[in-house]
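Source file: final-v5.txt (compact mmCIF, C-alpha atoms)
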# COMPACT_ATOMS: atom_id res chain seq x y z
CA MET A 1 19.91 -8.84 10.29
CA PHE A 2 21.83 -5.69 9.46
CA LEU A 3 21.35 -1.92 9.29
CA LYS A 4 20.97 -0.12 5.98
CA THR A 5 20.79 3.64 5.48
CA ILE A 6 17.82 4.56 3.29
CA ASP A 7 17.16 7.99 1.78
CA PHE A 8 13.38 8.23 1.95
CA SER A 9 13.32 11.26 -0.35
CA LYS A 10 14.32 8.79 -3.05
CA PHE A 11 12.88 5.53 -1.67
CA THR A 12 9.24 6.48 -1.09
CA SER A 13 6.86 7.06 -3.96
CA ILE A 14 5.94 10.51 -2.60
CA LYS A 15 9.65 11.48 -2.42
CA VAL A 16 9.50 12.93 1.10
CA GLY A 17 11.84 12.14 4.01
CA GLY A 18 15.45 12.06 5.08
CA LYS A 19 18.16 9.45 5.55
CA VAL A 20 17.29 6.82 8.18
CA ASP A 21 19.01 3.63 9.35
CA VAL A 22 16.60 0.73 8.74
CA LEU A 23 17.06 -2.78 10.14
CA ILE A 24 16.91 -5.44 7.39
CA ILE A 25 15.35 -8.73 8.53
CA GLU A 26 16.71 -11.97 7.08
CA LYS A 27 15.39 -15.55 7.21
CA ASN A 28 15.29 -17.10 10.71
CA ASP A 29 15.93 -13.74 12.40
CA THR A 30 13.92 -12.98 15.53
CA ILE A 31 11.68 -10.08 14.57
CA PRO A 32 12.13 -7.13 16.94
CA LYS A 33 9.06 -5.86 18.79
CA ASP A 34 10.34 -2.30 19.08
CA ARG A 35 10.51 -1.45 15.36
CA TYR A 36 7.90 -0.56 12.74
CA LEU A 37 7.89 -2.63 9.54
CA ILE A 38 7.86 -0.81 6.22
CA GLY A 39 7.46 -2.25 2.74
CA HIS A 40 8.46 -0.66 -0.57
CA GLY A 41 7.46 2.86 0.48
CA ASN A 42 4.47 3.29 -1.82
CA ASN A 43 1.79 4.30 0.70
CA LEU A 44 4.13 5.83 3.24
CA LEU A 45 4.89 9.32 4.53
CA ILE A 46 7.99 9.54 6.72
CA SER A 47 8.29 12.33 9.27
CA PRO A 48 11.56 14.04 10.27
CA THR A 49 11.48 11.91 13.46
CA PRO A 50 10.21 8.44 12.52
CA PRO A 51 10.13 5.53 14.98
CA PRO A 52 12.78 2.78 14.68
CA LEU A 53 12.17 1.07 11.32
CA MET A 54 12.76 -2.35 9.80
CA MET A 55 12.02 -4.07 6.50
CA LEU A 56 12.14 -7.60 5.14
CA GLY A 57 15.19 -8.56 3.09
CA ASP A 58 15.56 -10.55 -0.13
CA ASP A 59 14.95 -13.87 1.68
CA PHE A 60 11.26 -12.97 1.64
CA ASP A 61 11.12 -12.11 -2.06
CA PHE A 62 9.89 -15.32 -3.75
CA ILE A 63 6.91 -16.84 -5.53
CA LYS A 64 6.37 -20.52 -6.30
CA LEU A 65 3.56 -22.78 -7.45
CA GLU A 66 3.01 -26.07 -5.63
CA GLY A 67 0.05 -27.99 -7.03
CA ASP A 68 -3.00 -25.74 -6.77
CA LEU A 69 -1.39 -23.49 -4.15
CA LEU A 70 0.62 -20.33 -4.73
CA HIS A 71 3.27 -19.45 -2.13
CA ILE A 72 4.39 -15.81 -2.07
CA GLY A 73 6.96 -14.15 0.19
CA ALA A 74 5.97 -10.90 1.87
CA ALA A 75 8.74 -8.88 0.19
CA THR A 76 7.69 -9.97 -3.33
CA PRO A 77 6.79 -6.91 -5.44
CA THR A 78 3.45 -6.74 -7.20
CA GLY A 79 5.10 -6.56 -10.63
CA LYS A 80 6.78 -9.90 -10.04
CA ILE A 81 3.47 -11.42 -8.87
CA LEU A 82 1.64 -10.19 -11.97
CA SER A 83 4.32 -11.55 -14.32
CA PHE A 84 4.20 -14.95 -12.62
CA VAL A 85 0.41 -15.35 -12.70
CA LYS A 86 0.26 -14.27 -16.35
CA LYS A 87 2.90 -16.83 -17.27
CA HIS A 88 1.16 -19.62 -15.34
CA ASN A 89 -2.43 -18.64 -16.32
CA ILE A 90 -3.54 -18.03 -12.71
CA ALA A 91 -6.70 -16.01 -12.05
CA GLY A 92 -7.52 -13.63 -9.24
CA PHE A 93 -4.45 -11.40 -9.26
CA GLU A 94 -5.20 -9.19 -12.25
CA PHE A 95 -5.91 -6.23 -9.97
CA VAL A 96 -2.34 -6.08 -8.63
CA SER A 97 -1.36 -4.40 -11.91
CA LYS A 98 -2.85 -1.24 -10.45
CA LEU A 99 -1.20 -1.55 -7.04
CA PRO A 100 2.44 -0.74 -6.30
CA GLY A 101 4.28 -2.24 -3.34
CA SER A 102 4.81 -5.77 -2.08
CA LEU A 103 2.72 -8.74 -0.94
CA GLY A 104 3.13 -8.04 2.78
CA GLY A 105 1.77 -4.53 2.51
CA MET A 106 -1.16 -5.68 0.41
CA VAL A 107 -2.14 -8.32 2.98
CA ALA A 108 -1.67 -5.91 5.89
CA MET A 109 -4.20 -3.46 4.43
CA ASN A 110 -6.28 -5.95 2.39
CA ALA A 111 -5.37 -3.93 -0.68
CA GLY A 112 -7.59 -4.04 -3.72
CA VAL A 113 -9.38 -2.32 -6.57
CA LYS A 114 -13.16 -2.17 -6.52
CA GLU A 115 -14.41 -5.66 -5.49
CA TYR A 116 -11.05 -7.31 -6.12
CA GLU A 117 -9.05 -7.71 -2.89
CA ILE A 118 -5.98 -9.67 -1.86
CA PHE A 119 -8.01 -11.62 0.73
CA ASN A 120 -10.32 -13.04 -1.97
CA ASN A 121 -8.00 -15.92 -2.90
CA LEU A 122 -6.02 -16.01 0.34
CA LYS A 123 -5.89 -19.30 2.25
CA SER A 124 -3.36 -18.76 5.03
CA VAL A 125 -0.72 -16.32 6.25
CA CYS A 126 2.54 -16.81 8.12
CA ILE A 127 2.56 -14.13 10.83
CA ASP A 128 5.64 -13.85 13.05
CA GLY A 129 6.54 -17.41 12.05
CA LEU A 130 3.12 -18.93 12.86
CA TRP A 131 0.54 -19.89 10.24
CA ARG A 132 -3.05 -18.65 10.49
CA GLN A 133 -6.01 -19.45 8.26
CA LYS A 134 -7.82 -16.60 6.53
CA GLU A 135 -10.98 -17.33 8.51
CA GLU A 136 -9.12 -16.59 11.74
CA ILE A 137 -8.16 -13.06 10.64
CA GLU A 138 -10.54 -10.15 11.04
CA HIS A 139 -10.50 -8.19 7.80
CA GLY A 140 -12.59 -5.86 5.67
CA TYR A 141 -12.34 -2.85 3.39
CA ARG A 142 -8.69 -1.77 3.43
CA PHE A 143 -7.85 -3.36 6.76
CA ALA A 144 -6.69 -6.65 8.24
CA ASN A 145 -6.17 -7.27 11.95
CA LEU A 146 -3.04 -9.39 11.70
CA GLY A 147 -1.48 -8.86 15.11
CA GLY A 148 2.04 -9.28 13.75
CA ILE A 149 4.33 -9.25 10.71
CA VAL A 150 3.43 -11.07 7.49
CA LEU A 151 6.32 -13.23 6.26
CA GLU A 152 4.59 -15.39 3.64
CA ALA A 153 1.12 -16.19 2.34
CA ILE A 154 -0.55 -19.06 0.51
CA PHE A 155 -3.28 -18.53 -2.09
CA GLU A 156 -5.57 -20.68 -4.20
CA ALA A 157 -4.13 -20.98 -7.69
CA LYS A 158 -7.21 -21.01 -9.92
CA LYS A 159 -6.68 -21.28 -13.67
CA GLY A 160 -7.86 -18.60 -16.08
CA PHE A 161 -5.90 -15.34 -16.08
CA ASP A 162 -8.33 -12.68 -17.38
CA LYS A 163 -6.60 -10.38 -19.87
CA GLU A 164 -9.76 -8.32 -20.45
CA LEU A 165 -10.09 -7.67 -16.72
CA LEU A 166 -6.42 -6.70 -16.58
CA ASP A 167 -6.88 -4.20 -19.40
CA SER A 168 -9.99 -2.68 -17.82
CA LEU A 169 -8.24 -2.22 -14.47
CA ILE A 170 -5.17 -0.70 -16.12
CA SER A 171 -7.44 1.81 -17.86
CA LEU A 172 -8.49 3.09 -14.44
CA ARG A 173 -4.99 4.52 -14.10
CA ALA A 174 -5.82 7.15 -16.71
CA ASN A 175 -7.18 9.43 -13.99
CA GLN A 176 -4.21 8.99 -11.66
CA PRO A 177 -1.52 11.67 -11.53
CA LYS A 178 1.98 10.92 -12.73
CA LYS A 179 3.73 13.17 -10.21
CA PRO A 180 5.16 11.57 -7.04
CA SER A 181 2.45 10.61 -4.56
CA ALA A 182 1.61 8.02 -1.92
CA GLY A 183 -1.42 6.84 -3.88
CA SER A 184 -4.92 7.42 -2.55
CA TRP A 185 -4.45 9.49 0.60
CA PHE A 186 -7.82 8.78 2.24
CA LYS A 187 -10.02 5.69 2.27
CA ASN A 188 -13.29 6.06 0.38
CA PRO A 189 -16.13 6.52 2.90
CA HIS A 190 -18.97 4.02 2.57
CA GLY A 191 -21.04 4.91 -0.49
CA ASP A 192 -18.89 7.87 -1.50
CA PHE A 193 -15.47 8.86 -2.79
CA ALA A 194 -12.80 10.80 -0.93
CA GLY A 195 -11.76 12.55 -4.14
CA ARG A 196 -15.31 13.82 -4.70
CA LEU A 197 -15.48 15.16 -1.16
CA ILE A 198 -12.12 16.93 -1.36
CA GLU A 199 -13.11 18.47 -4.69
CA GLY A 200 -16.49 19.37 -3.19
CA VAL A 201 -14.88 21.56 -0.54
CA GLY A 202 -12.80 23.37 -3.16
CA LEU A 203 -9.42 21.83 -2.42
CA LYS A 204 -8.68 20.17 -5.75
CA GLY A 205 -5.40 21.71 -6.90
CA ARG A 206 -4.80 23.46 -3.55
CA GLN A 207 -1.07 23.88 -2.96
CA ILE A 208 1.10 24.53 0.06
CA GLY A 209 4.78 24.85 -0.75
CA GLY A 210 5.83 21.88 -2.85
CA MET A 211 2.77 19.73 -2.07
CA ALA A 212 -0.68 19.92 -3.65
CA TRP A 213 -3.97 18.07 -4.01
CA SER A 214 -3.75 16.88 -7.60
CA ASN A 215 -5.70 18.63 -10.35
CA ILE A 216 -6.17 15.22 -11.93
CA HIS A 217 -7.51 13.29 -8.93
CA ALA A 218 -8.30 15.19 -5.75
CA ASN A 219 -7.51 12.27 -3.40
CA PHE A 220 -3.87 12.21 -4.52
CA LEU A 221 -1.48 14.46 -2.63
CA VAL A 222 1.36 15.07 -5.07
CA ASN A 223 4.90 16.33 -4.65
CA LEU A 224 5.51 19.12 -7.15
CA GLY A 225 9.16 19.29 -6.18
CA GLY A 226 10.79 19.71 -2.79
CA GLY A 227 7.58 18.99 -0.91
CA THR A 228 7.88 18.41 2.84
CA PHE A 229 6.22 16.37 5.55
CA ASP A 230 4.77 19.46 7.23
CA GLU A 231 3.26 20.70 3.95
CA ALA A 232 1.64 17.32 3.31
CA ILE A 233 0.19 17.17 6.83
CA ALA A 234 -1.12 20.73 6.55
CA LEU A 235 -3.03 19.93 3.34
CA ALA A 236 -4.41 16.67 4.76
CA THR A 237 -5.52 18.43 7.95
CA VAL A 238 -7.37 21.13 6.01
CA ALA A 239 -9.10 18.47 3.88
CA LYS A 240 -10.28 16.50 6.91
CA LYS A 241 -11.55 19.65 8.63
CA LYS A 242 -13.43 21.03 5.62
CA VAL A 243 -14.99 17.67 4.65
CA LYS A 244 -16.15 17.16 8.24
CA GLU A 245 -17.65 20.66 8.41
CA THR A 246 -19.32 20.45 4.99
CA PHE A 247 -20.41 16.82 4.70
CA GLY A 248 -20.21 15.52 8.28
CA ILE A 249 -17.82 12.77 7.16
CA GLU A 250 -14.62 11.82 8.97
CA LEU A 251 -11.96 11.04 6.38
CA GLN A 252 -9.51 8.30 7.38
CA GLU A 253 -5.99 8.00 6.00
CA GLU A 254 -5.26 5.04 3.74
CA ILE A 255 -1.55 5.80 3.79
CA LYS A 256 0.76 5.21 6.76
CA ILE A 257 2.30 8.22 8.47
CA LEU A 258 5.39 7.57 10.58

How does the structure come out when it is put into structure tokens?
Amino acid sequence: MFLKTIDFSKFTSIKVGGKVDVLIIEKNDTIPKDRYLIGHGNNLLISPTPPPLMMLGDDFDFIKLEGDLLHIGAATPTGKILSFVKKHNIAGFEFVSKLPGSLGGMVAMNAGVKEYEIFNNLKSVCIDGLWRQKEEIEHGYRFANLGGIVLEAIFEAKKGFDKELLDSLISLRANQPKKPSAGSWFKNPHGDFAGRLIEGVGLKGRQIGGMAWSNIHANFLVNLGGGTFDEAIALATVAKKKVKETFGIELQEEIKIL
């Protein structure tokens, strides 16, 4: 393992944060218990005083097919996964085209689009060096109770990559803003949409400093240039307060705030 200085204003998708020394974990390293694991910075907001951080190194960036099982390292980016399954005609991963980040982050939050989730084809996960079957892991909409750090996962490799499904999921991106963001800020409440609720309380397009709720999709907090952690938190706090007062719904963050 070794320390690497990362500029989070460039590293994260929302382009907020300062320079922080992050511990890079390599194969066979003992994983520290006093550090928080980050992925590729796509659903992450870093504060001016984050906890000690670590991330998985290149040893965990791999994907290989063994019989009817697909082995994927936790640091493998979604783009690499999509390219591999297209090439090998493997079904069940078409939805990752819409999700940035890496395999570990997707498993940790059971990432997905509509009914398509990473746990659907999952068989087992290596957590802190120990393998666990999917059935042993409590999981649901945008959460998985892992109890440790994902290092690798094994999936069923079913034949039949669905190009039409891929195209239909890609088309959903048409209503996503292009400006820097952390993706969907809040989870969708059961039977409703966070974007609809934020728009319903008149916050779509609301701006504080360099941050704003997007005019394109109200559940995306976008960085218009020079946006800060405090500005993002202020907008999120107002949204939670107004949605609670108006609709009686407690919005829950989908992103990680450190």

**Request:** Find the spatial neighbours of A:Asn219, counting only C-alpha atoms, within a cut-off of 10 Å - ignore same-chain residues fewer than 5 positions away - and output them as a PyMOL selection string.
**Result:** chain A and resi 176+183-188+193-199+203-204+213-214+236+239

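Between atom CA of A:Glu245 and atom CA of A:Met211 the separation is 23.0 Å.
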
**Message:** From the options A:Val222, A:Leu45, A:Ile255, A:Ile38, which residue's atoms come nearest to A:Ala111, counting all atoms listed in the file?
**Reply:**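 Looking at the shortest contact to A:Ala111, the residue is A:Ile255.
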
**9 Å contact set for stretch 143-153 of chain A, only C-alpha atoms, chain neighbours under 4 positions out, as a ChimeraX atom specification** = /A:31,37,56,60,70-75,103-105,107-111,122-129,131,137-139

**Item:** Nearest-residue call for A:Lys163, choices A:Gln133, A:Gln207, A:Asn215, A:Asn89, using only C-alpha atoms
**Value:** A:Asn89

**Request:** Could you check how far atom CA of A:Thr78 sits from atom CA of A:Met106, in Å to one decimal?
**Result:** 9.0 Å

Repaired coordinates for stretch 72-107 of chain A (N, CA and C atoms) as a PDB file, keeping the file's coordinate frame:
ATOM      1  N   ILE A  72       3.770 -17.099  -1.749  1.00  0.00           N
ATOM      2  CA  ILE A  72       4.390 -15.810  -2.070  1.00  0.00           C
ATOM      3  C   ILE A  72       5.007 -15.217  -0.810  1.00  0.00           C
ATOM      4  N   GLY A  73       6.282 -14.806  -0.915  1.00  0.00           N
ATOM      5  CA  GLY A  73       6.960 -14.150   0.190  1.00  0.00           C
ATOM      6  C   GLY A  73       6.482 -12.717   0.352  1.00  0.00           C
ATOM      7  N   ALA A  74       6.536 -12.216   1.575  1.00  0.00           N
ATOM      8  CA  ALA A  74       5.970 -10.900   1.870  1.00  0.00           C
ATOM      9  C   ALA A  74       6.701  -9.761   1.187  1.00  0.00           C
ATOM     10  N   ALA A  75       7.984  -9.947   0.842  1.00  0.00           N
ATOM     11  CA  ALA A  75       8.740  -8.880   0.190  1.00  0.00           C
ATOM     12  C   ALA A  75       8.653  -8.936  -1.336  1.00  0.00           C
ATOM     13  N   THR A  76       7.823  -9.817  -1.870  1.00  0.00           N
ATOM     14  CA  THR A  76       7.690  -9.970  -3.330  1.00  0.00           C
ATOM     15  C   THR A  76       6.915  -8.798  -3.914  1.00  0.00           C
ATOM     16  N   PRO A  77       7.493  -8.059  -4.865  1.00  0.00           N
ATOM     17  CA  PRO A  77       6.790  -6.910  -5.440  1.00  0.00           C
ATOM     18  C   PRO A  77       5.627  -7.320  -6.326  1.00  0.00           C
ATOM     19  N   THR A  78       4.652  -6.427  -6.434  1.00  0.00           N
ATOM     20  CA  THR A  78       3.450  -6.740  -7.200  1.00  0.00           C
ATOM     21  C   THR A  78       3.749  -7.020  -8.666  1.00  0.00           C
ATOM     22  N   GLY A  79       4.744  -6.317  -9.228  1.00  0.00           N
ATOM     23  CA  GLY A  79       5.100  -6.560 -10.630  1.00  0.00           C
ATOM     24  C   GLY A  79       5.559  -7.983 -10.865  1.00  0.00           C
ATOM     25  N   LYS A  80       6.301  -8.529  -9.942  1.00  0.00           N
ATOM     26  CA  LYS A  80       6.780  -9.900 -10.040  1.00  0.00           C
ATOM     27  C   LYS A  80       5.609 -10.881  -9.917  1.00  0.00           C
ATOM     28  N   ILE A  81       4.661 -10.571  -9.038  1.00  0.00           N
ATOM     29  CA  ILE A  81       3.470 -11.420  -8.870  1.00  0.00           C
ATOM     30  C   ILE A  81       2.662 -11.446 -10.157  1.00  0.00           C
ATOM     31  N   LEU A  82       2.442 -10.264 -10.739  1.00  0.00           N
ATOM     32  CA  LEU A  82       1.640 -10.190 -11.970  1.00  0.00           C
ATOM     33  C   LEU A  82       2.307 -10.969 -13.100  1.00  0.00           C
ATOM     34  N   SER A  83       3.601 -10.825 -13.260  1.00  0.00           N
ATOM     35  CA  SER A  83       4.320 -11.550 -14.320  1.00  0.00           C
ATOM     36  C   SER A  83       4.180 -13.058 -14.137  1.00  0.00           C
ATOM     37  N   PHE A  84       4.273 -13.521 -12.908  1.00  0.00           N
ATOM     38  CA  PHE A  84       4.200 -14.950 -12.620  1.00  0.00           C
ATOM     39  C   PHE A  84       2.804 -15.509 -12.932  1.00  0.00           C
ATOM     40  N   VAL A  85       1.758 -14.817 -12.488  1.00  0.00           N
ATOM     41  CA  VAL A  85       0.410 -15.350 -12.700  1.00  0.00           C
ATOM     42  C   VAL A  85       0.013 -15.298 -14.174  1.00  0.00           C
ATOM     43  N   LYS A  86       0.508 -14.307 -14.907  1.00  0.00           N
ATOM     44  CA  LYS A  86       0.260 -14.270 -16.350  1.00  0.00           C
ATOM     45  C   LYS A  86       0.910 -15.473 -17.023  1.00  0.00           C
ATOM     46  N   LYS A  87       2.159 -15.735 -16.674  1.00  0.00           N
ATOM     47  CA  LYS A  87       2.900 -16.830 -17.270  1.00  0.00           C
ATOM     48  C   LYS A  87       2.259 -18.182 -16.977  1.00  0.00           C
ATOM     49  N   HIS A  88       1.715 -18.339 -15.766  1.00  0.00           N
ATOM     50  CA  HIS A  88       1.160 -19.620 -15.340  1.00  0.00           C
ATOM     51  C   HIS A  88      -0.376 -19.676 -15.430  1.00  0.00           C
ATOM     52  N   ASN A  89      -0.983 -18.663 -16.071  1.00  0.00           N
ATOM     53  CA  ASN A  89      -2.430 -18.640 -16.320  1.00  0.00           C
ATOM     54  C   ASN A  89      -3.222 -18.800 -15.020  1.00  0.00           C
ATOM     55  N   ILE A  90      -2.875 -17.987 -14.004  1.00  0.00           N
ATOM     56  CA  ILE A  90      -3.540 -18.030 -12.710  1.00  0.00           C
ATOM     57  C   ILE A  90      -4.464 -16.822 -12.579  1.00  0.00           C
ATOM     58  N   ALA A  91      -5.699 -17.071 -12.183  1.00  0.00           N
ATOM     59  CA  ALA A  91      -6.700 -16.010 -12.050  1.00  0.00           C
ATOM     60  C   ALA A  91      -6.699 -15.418 -10.649  1.00  0.00           C
ATOM     61  N   GLY A  92      -7.296 -14.228 -10.539  1.00  0.00           N
ATOM     62  CA  GLY A  92      -7.520 -13.630  -9.240  1.00  0.00           C
ATOM     63  C   GLY A  92      -6.510 -12.599  -8.793  1.00  0.00           C
ATOM     64  N   PHE A  93      -5.478 -12.379  -9.619  1.00  0.00           N
ATOM     65  CA  PHE A  93      -4.450 -11.400  -9.260  1.00  0.00           C
ATOM     66  C   PHE A  93      -4.335 -10.287 -10.294  1.00  0.00           C
ATOM     67  N   GLU A  94      -5.277 -10.204 -11.205  1.00  0.00           N
ATOM     68  CA  GLU A  94      -5.200  -9.190 -12.250  1.00  0.00           C
ATOM     69  C   GLU A  94      -5.145  -7.775 -11.674  1.00  0.00           C
ATOM     70  N   PHE A  95      -5.812  -7.568 -10.552  1.00  0.00           N
ATOM     71  CA  PHE A  95      -5.910  -6.230  -9.970  1.00  0.00           C
ATOM     72  C   PHE A  95      -4.579  -5.704  -9.431  1.00  0.00           C
ATOM     73  N   VAL A  96      -3.605  -6.574  -9.194  1.00  0.00           N
ATOM     74  CA  VAL A  96      -2.340  -6.080  -8.630  1.00  0.00           C
ATOM     75  C   VAL A  96      -1.589  -5.210  -9.633  1.00  0.00           C
ATOM     76  N   SER A  97      -1.994  -5.255 -10.908  1.00  0.00           N
ATOM     77  CA  SER A  97      -1.360  -4.400 -11.910  1.00  0.00           C
ATOM     78  C   SER A  97      -1.533  -2.930 -11.572  1.00  0.00           C
ATOM     79  N   LYS A  98      -2.538  -2.626 -10.785  1.00  0.00           N
ATOM     80  CA  LYS A  98      -2.850  -1.240 -10.450  1.00  0.00           C
ATOM     81  C   LYS A  98      -2.284  -0.839  -9.087  1.00  0.00           C
ATOM     82  N   LEU A  99      -1.662  -1.793  -8.406  1.00  0.00           N
ATOM     83  CA  LEU A  99      -1.200  -1.550  -7.040  1.00  0.00           C
ATOM     84  C   LEU A  99       0.314  -1.680  -6.937  1.00  0.00           C
ATOM     85  N   PRO A 100       1.005  -0.625  -6.539  1.00  0.00           N
ATOM     86  CA  PRO A 100       2.440  -0.740  -6.300  1.00  0.00           C
ATOM     87  C   PRO A 100       2.697  -1.403  -4.952  1.00  0.00           C
ATOM     88  N   GLY A 101       3.950  -1.703  -4.659  1.00  0.00           N
ATOM     89  CA  GLY A 101       4.280  -2.240  -3.340  1.00  0.00           C
ATOM     90  C   GLY A 101       4.607  -3.716  -3.379  1.00  0.00           C
ATOM     91  N   SER A 102       4.453  -4.365  -2.227  1.00  0.00           N
ATOM     92  CA  SER A 102       4.810  -5.770  -2.080  1.00  0.00           C
ATOM     93  C   SER A 102       3.673  -6.536  -1.431  1.00  0.00           C
ATOM     94  N   LEU A 103       3.775  -7.859  -1.434  1.00  0.00           N
ATOM     95  CA  LEU A 103       2.720  -8.740  -0.940  1.00  0.00           C
ATOM     96  C   LEU A 103       2.380  -8.453   0.522  1.00  0.00           C
ATOM     97  N   GLY A 104       3.387  -8.267   1.367  1.00  0.00           N
ATOM     98  CA  GLY A 104       3.130  -8.040   2.780  1.00  0.00           C
ATOM     99  C   GLY A 104       2.266  -6.831   3.044  1.00  0.00           C
ATOM    100  N   GLY A 105       2.567  -5.744   2.358  1.00  0.00           N
ATOM    101  CA  GLY A 105       1.770  -4.530   2.510  1.00  0.00           C
ATOM    102  C   GLY A 105       0.349  -4.715   2.022  1.00  0.00           C
ATOM    103  N   MET A 106       0.188  -5.450   0.938  1.00  0.00           N
ATOM    104  CA  MET A 106      -1.160  -5.680   0.410  1.00  0.00           C
ATOM    105  C   MET A 106      -2.000  -6.481   1.393  1.00  0.00           C
ATOM    106  N   VAL A 107      -1.401  -7.518   2.008  1.00  0.00           N
ATOM    107  CA  VAL A 107      -2.140  -8.320   2.980  1.00  0.00           C
ATOM    108  C   VAL A 107      -2.467  -7.482   4.221  1.00  0.00           C
TER     109      VAL A 107
END
